[in-house]
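Dumped my_file-v3.txt below, it's compact mmCIF, C-alpha atoms and all ligand atoms:
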```txt
# COMPACT_ATOMS: atom_id res chain seq x y z
CA MET A 16 33.23 61.25 56.78
CA ASP A 17 35.55 62.23 53.94
CA ASN A 18 33.94 60.88 50.78
CA GLN A 19 37.20 61.50 48.90
CA ALA A 20 38.54 58.39 50.63
CA PHE A 21 36.33 56.28 48.38
CA PHE A 22 38.20 57.58 45.34
CA LYS A 23 41.33 55.90 46.73
CA ILE A 24 39.86 52.44 46.13
CA GLY A 25 41.32 51.01 42.92
CA TYR A 26 39.02 49.87 40.11
CA GLY A 27 39.13 48.78 36.52
CA LEU A 28 36.52 49.86 33.99
CA TYR A 29 34.30 47.54 32.03
CA VAL A 30 31.47 47.37 29.52
CA VAL A 31 28.80 44.97 30.74
CA THR A 32 26.41 43.81 28.04
CA ALA A 33 23.10 41.95 27.96
CA HIS A 34 20.61 40.65 25.41
CA GLU A 35 16.87 40.22 25.87
CA ASN A 36 14.12 39.55 23.31
CA GLY A 37 16.21 40.72 20.37
CA LYS A 38 17.45 43.84 22.14
CA ASP A 39 21.11 44.48 22.91
CA ASN A 40 22.40 46.91 25.48
CA GLY A 41 25.46 47.67 27.55
CA CYS A 42 26.77 50.09 30.14
CA ILE A 43 29.99 51.07 31.91
CA VAL A 44 30.70 49.58 35.33
CA ASN A 45 33.64 49.74 37.71
CA ALA A 46 32.47 47.63 40.65
CA VAL A 47 33.64 44.20 39.49
CA MET A 48 35.80 41.59 41.15
CA GLN A 49 36.65 37.93 40.89
CA ALA A 50 35.25 36.52 44.12
CA THR A 51 36.30 32.86 43.87
CA ASN A 52 38.21 30.66 41.44
CA THR A 53 36.64 27.32 42.37
CA PRO A 54 34.33 27.87 40.60
CA ASN A 55 35.35 30.97 38.66
CA ARG A 56 32.90 33.47 40.05
CA LEU A 57 32.51 37.23 39.60
CA VAL A 58 30.58 39.80 41.58
CA LEU A 59 29.30 42.88 39.83
CA ALA A 60 27.36 45.87 41.17
CA ILE A 61 25.20 47.92 38.77
CA ASN A 62 22.97 50.91 39.31
CA ARG A 63 19.42 49.61 38.94
CA GLU A 64 18.44 52.68 36.86
CA ASN A 65 20.46 51.15 34.03
CA LEU A 66 18.51 49.18 31.44
CA THR A 67 21.40 46.68 31.35
CA CYS A 68 20.81 46.00 35.05
CA GLU A 69 17.13 45.31 34.44
CA MET A 70 17.97 43.04 31.50
CA ILE A 71 20.48 40.99 33.53
CA SER A 72 18.05 40.65 36.43
CA ARG A 73 15.53 39.10 34.02
CA THR A 74 17.83 37.02 31.79
CA ASN A 75 20.53 36.09 34.37
CA ARG A 76 23.21 36.43 31.70
CA PHE A 77 25.81 39.00 30.77
CA ASN A 78 29.17 39.55 29.11
CA LEU A 79 31.88 41.62 30.71
CA SER A 80 34.45 43.32 28.45
CA VAL A 81 37.59 44.63 30.16
CA LEU A 82 38.62 48.07 28.84
CA CYS A 83 42.33 48.58 28.25
CA HIS A 84 44.79 51.36 27.45
CA GLY A 85 43.83 53.15 24.26
CA THR A 86 40.19 53.55 25.31
CA ASP A 87 39.07 57.11 24.61
CA PHE A 88 36.30 59.20 26.12
CA GLU A 89 33.95 58.27 23.28
CA MET A 90 33.64 54.72 24.67
CA PHE A 91 32.55 56.13 28.04
CA ARG A 92 30.22 58.63 26.42
CA HIS A 93 28.68 55.95 24.21
CA PHE A 94 28.09 53.28 26.86
CA GLY A 95 28.06 55.38 30.02
CA PHE A 96 26.39 58.71 29.37
CA GLN A 97 23.33 57.72 27.39
CA SER A 98 20.58 55.26 28.19
CA GLY A 99 19.55 52.18 26.25
CA LYS A 100 16.01 53.21 27.14
CA THR A 101 16.26 55.99 24.54
CA VAL A 102 19.14 54.93 22.26
CA ASP A 103 20.10 51.66 20.56
CA LYS A 104 23.78 51.59 21.56
CA PHE A 105 24.54 48.80 19.10
CA ALA A 106 22.68 50.25 16.10
CA ASP A 107 25.85 51.56 14.45
CA PHE A 108 28.52 50.28 16.81
CA GLN A 109 31.06 48.31 14.76
CA ASP A 110 33.44 47.01 17.41
CA ALA A 111 31.38 44.17 18.87
CA ARG A 112 30.89 40.48 18.25
CA ARG A 113 28.48 37.95 19.72
CA SER A 114 29.87 35.25 21.96
CA GLU A 115 28.38 31.77 22.24
CA ASN A 116 25.66 32.95 24.64
CA GLY A 117 24.36 35.35 21.94
CA ILE A 118 25.43 38.48 23.85
CA TYR A 119 27.73 41.10 22.35
CA TYR A 120 31.20 41.73 23.73
CA ILE A 121 33.42 44.66 22.78
CA THR A 122 36.32 43.88 20.43
CA LYS A 123 38.13 47.24 20.38
CA ASN A 124 40.18 48.60 23.29
CA THR A 125 39.41 45.53 25.35
CA ASN A 126 41.93 43.01 26.65
CA ALA A 127 39.55 40.24 27.72
CA TYR A 128 35.92 39.32 27.99
CA PHE A 129 33.86 36.97 30.15
CA SER A 130 30.49 35.34 29.63
CA ALA A 131 28.69 34.72 32.90
CA THR A 132 25.45 33.42 34.40
CA THR A 133 24.13 34.97 37.59
CA THR A 134 23.51 32.66 40.54
CA GLN A 135 22.43 35.23 43.13
CA THR A 136 21.13 38.78 43.04
CA ILE A 137 21.44 40.93 46.15
CA ASP A 138 19.39 44.10 46.46
CA LEU A 139 21.64 46.91 47.70
CA GLY A 140 19.08 49.67 47.30
CA THR A 141 20.41 51.90 44.53
CA HIS A 142 22.34 48.98 43.02
CA LEU A 143 21.91 45.27 42.42
CA LEU A 144 24.86 43.02 43.23
CA PHE A 145 25.08 40.06 40.87
CA VAL A 146 27.04 36.96 41.83
CA ALA A 147 27.82 35.10 38.63
CA ASP A 148 29.59 31.95 37.48
CA VAL A 149 31.89 32.40 34.48
CA ASP A 150 30.94 30.21 31.50
CA ALA A 151 33.64 31.44 29.10
CA ALA A 152 36.62 33.76 29.16
CA GLU A 153 39.01 34.91 26.47
CA VAL A 154 42.06 37.18 26.33
CA LEU A 155 41.81 39.71 23.48
CA SER A 156 45.02 41.74 23.82
CA ASP A 157 48.11 42.32 25.96
CA GLN A 158 47.29 45.96 26.72
CA PRO A 159 46.99 46.83 30.42
CA THR A 160 43.54 47.32 31.91
CA VAL A 161 42.40 50.93 32.15
CA THR A 162 41.84 52.03 35.75
CA TYR A 163 39.38 54.46 37.24
CA THR A 164 42.36 56.70 38.08
CA ASP A 165 43.41 56.65 34.38
CA TYR A 166 39.87 57.73 33.51
CA GLN A 167 39.92 60.61 36.01
CA GLU A 168 43.42 61.81 35.10
CA LYS A 169 43.84 61.07 31.39
CA ILE A 170 40.58 60.19 29.65
CA LYS A 171 37.87 62.46 31.03
CA PRO A 172 37.79 65.84 29.20
CA LYS A 173 39.49 68.61 31.17
CA PRO A 174 37.13 71.29 32.45
CA GLU A 175 37.31 74.52 30.44
CA LYS A 176 39.23 77.04 32.51
CA SER A 177 37.72 79.93 30.60
CA SER A 178 34.20 78.80 31.41
CA GLU A 179 32.18 81.57 33.01
CA LYS A 180 29.55 79.10 34.10
CA LYS A 181 28.51 79.20 37.74
CA GLY A 182 27.15 76.18 39.49
CA TRP A 183 28.18 72.62 40.20
CA ARG A 184 30.24 70.14 38.19
CA CYS A 185 29.91 66.36 38.27
CA LYS A 186 33.35 64.98 39.18
CA ILE A 187 32.61 61.77 37.32
CA CYS A 188 31.58 63.00 33.87
CA GLY A 189 31.96 66.79 33.89
CA TYR A 190 28.26 67.61 33.56
CA ILE A 191 27.54 71.14 34.78
CA TYR A 192 24.47 72.01 36.83
CA GLU A 193 23.81 75.73 36.56
CA GLY A 194 22.35 77.13 39.75
CA GLU A 195 23.32 78.42 43.15
CA GLU A 196 22.19 75.42 45.19
CA LEU A 197 22.41 71.82 44.04
CA PRO A 198 19.36 69.89 45.27
CA GLU A 199 20.39 67.17 47.77
CA ASP A 200 18.61 64.47 45.81
CA PHE A 201 20.05 65.60 42.47
CA ILE A 202 21.17 62.78 40.17
CA CYS A 203 23.56 63.54 37.30
CA PRO A 204 21.53 63.16 34.09
CA LEU A 205 24.57 61.85 32.22
CA CYS A 206 26.24 59.37 34.55
CA LYS A 207 23.59 58.92 37.26
CA HIS A 208 25.94 59.78 40.13
CA PRO A 209 24.46 61.55 43.16
CA ALA A 210 24.85 65.15 44.38
CA SER A 211 27.76 64.08 46.64
CA ASP A 212 29.87 63.59 43.49
CA PHE A 213 29.45 67.25 42.46
CA GLU A 214 31.84 70.10 43.23
CA ARG A 215 31.08 73.81 43.27
CA LEU A 216 32.57 75.79 40.37
FE FE A 301 27.95 62.86 35.89
```
Produce structure tokens that represent the structure in this file.
Ligand code: FE
Amino acid sequence: MDNQAFFKIGYGLYVVTAHENGKDNGCIVNAVMQATNTPNRLVLAINRENLTCEMISRTNRFNLSVLCHGTDFEMFRHFGFQSGKTVDKFADFQDARRSENGIYYITKNTNAYFSATTTQTIDLGTHLLFVADVDAAEVLSDQPTVTYTDYQEKIKPKPEKSSEKKGWRCKICGYIYEGEELPEDFICPLCKHPASDFERL
């Protein structure tokens, strides 16, 4: 099987946020789609290692902010490459506002947000798949949605050509594992992608 084929599937990129017992958190997701429009229903897959995933599974509520052109790598670093288990991602984050459900949504470099309530949770092993009814939706700008291809080609920092480092590089976030052999069960410490998403340097 050629795993590169999976990179041909088109995706947007989103910040999904949750709120539980006074704590706010959010993470980057790409696996989102509108499943039905009567009612307006989304499906969303999140890696269960993410604190946001745990929070949604307990509270059944989330906001989804759609990232648009103008988003820089810092947004992905902030929400994607650090964990809410160790960092308060909203402690000094200015570009967020609470919607009616009390959950933050992102106000900068976003073109829309949704507030949703989960109706089903399906255990997919590494990920949970949430089926959710949309309670509110608002357009925030006319900028086009950023795609996963945009992220790979224009947003992600380019690898340093001069780097003498030997080892394996995560194709998702650029993290470098230094070592001859990458363990089969290796998980990228930054973006949580598996060994199959690494390439040899
Ligand atoms: Fe990574």
Check: Once you count only C-alpha atoms and all ligand atoms, which residues end up within 10 Å of ligand FE 301 (chain A), and could you hand them over as a VMD selection string?
Finding: chain A and resid 95 to 96 184 to 192 202 to 210 212 to 213
How close does each residue of range 108-206 of chain A get to range 69-93 of chain A, giving the shortest atom pair and distance in Å to one decimal for every residue with an atom at most 7 Å away, counting all atoms listed in the file, sorted by chain and residue number, as a tab-separated table?
```
residue	atom	partner	partner_atom	distance
A:Ile118	CA	A:Asn78	CA	6.5
A:Tyr120	CA	A:Ser80	CA	5.9
A:Ile121	CA	A:Ser80	CA	5.9
A:Asn124	CA	A:Thr86	CA	5.3
A:Thr125	CA	A:Leu82	CA	4.4
A:Asn126	CA	A:Cys83	CA	5.8
A:Ala127	CA	A:Val81	CA	5.4
A:Tyr128	CA	A:Ser80	CA	4.3
A:Phe129	CA	A:Leu79	CA	5.1
A:Ser130	CA	A:Asn78	CA	4.4
A:Ala131	CA	A:Phe77	CA	5.6
A:Thr132	CA	A:Arg76	CA	4.6
A:Thr133	CA	A:Asn75	CA	5.0
A:Gln158	CA	A:Cys83	CA	5.8
A:Pro159	CA	A:Cys83	CA	5.4
A:Thr160	CA	A:Cys83	CA	4.1
A:Val161	CA	A:Cys83	CA	4.6
A:Ile170	CA	A:Phe88	CA	5.6
A:Lys171	CA	A:Phe88	CA	6.1
```
Correct to one decimal, the distance CA of Thr101 in chain A-CA of Lys38 in chain A is 12.4 Å
Here is a test: counting all atoms listed in the file, which residue of A:Ser114, A:Val30, A:Asp200, A:Ala152 is nearest to Asn55 in chain A?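 Checking each candidate against Asn55 in chain A, we get A:Ala152 as the closest.
Remark: for Leu57 in chain A, the closest of the candidate residues A:Ala147, A:Met16, A:Leu197, A:Val44 is A:Ala147 (distances computed over all atoms listed in the file).
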Residue with the minimum atom-to-atom distance to Gly37 in chain A, picked from A:Val102, A:Asn65, A:Ile24, A:Gly117 with only C-alpha atoms counted, is A:Gly117
Between A:Phe201, A:Phe22, A:Phe94, A:Tyr166, which one has atoms that come closest to Trp183 in chain A, using all atoms listed in the file?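 Of A:Phe201, A:Phe22, A:Phe94, A:Tyr166, the one nearest Trp183 in chain A, counting all atoms listed in the file, is A:Phe201.
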Nearest candidate to Thr134 in chain A (options A:Leu216, A:Val58, A:Ala111, A:Cys68; using only C-alpha atoms):
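Closest to Thr134 in chain A, using only C-alpha atoms: A:Val58.
Atom pair CA of Tyr119 in chain A / CA of Asn40 in chain A: separated by 8.5 Å.
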Using all atoms listed in the file, the shortest atom-to-atom distance to Ser98 in chain A among A:Asp110, A:Glu64, A:His34, A:Asn116 belongs to A:Glu64
The distance between CA of Phe21 in chain A and CA of Leu143 in chain A is 19.1 Å
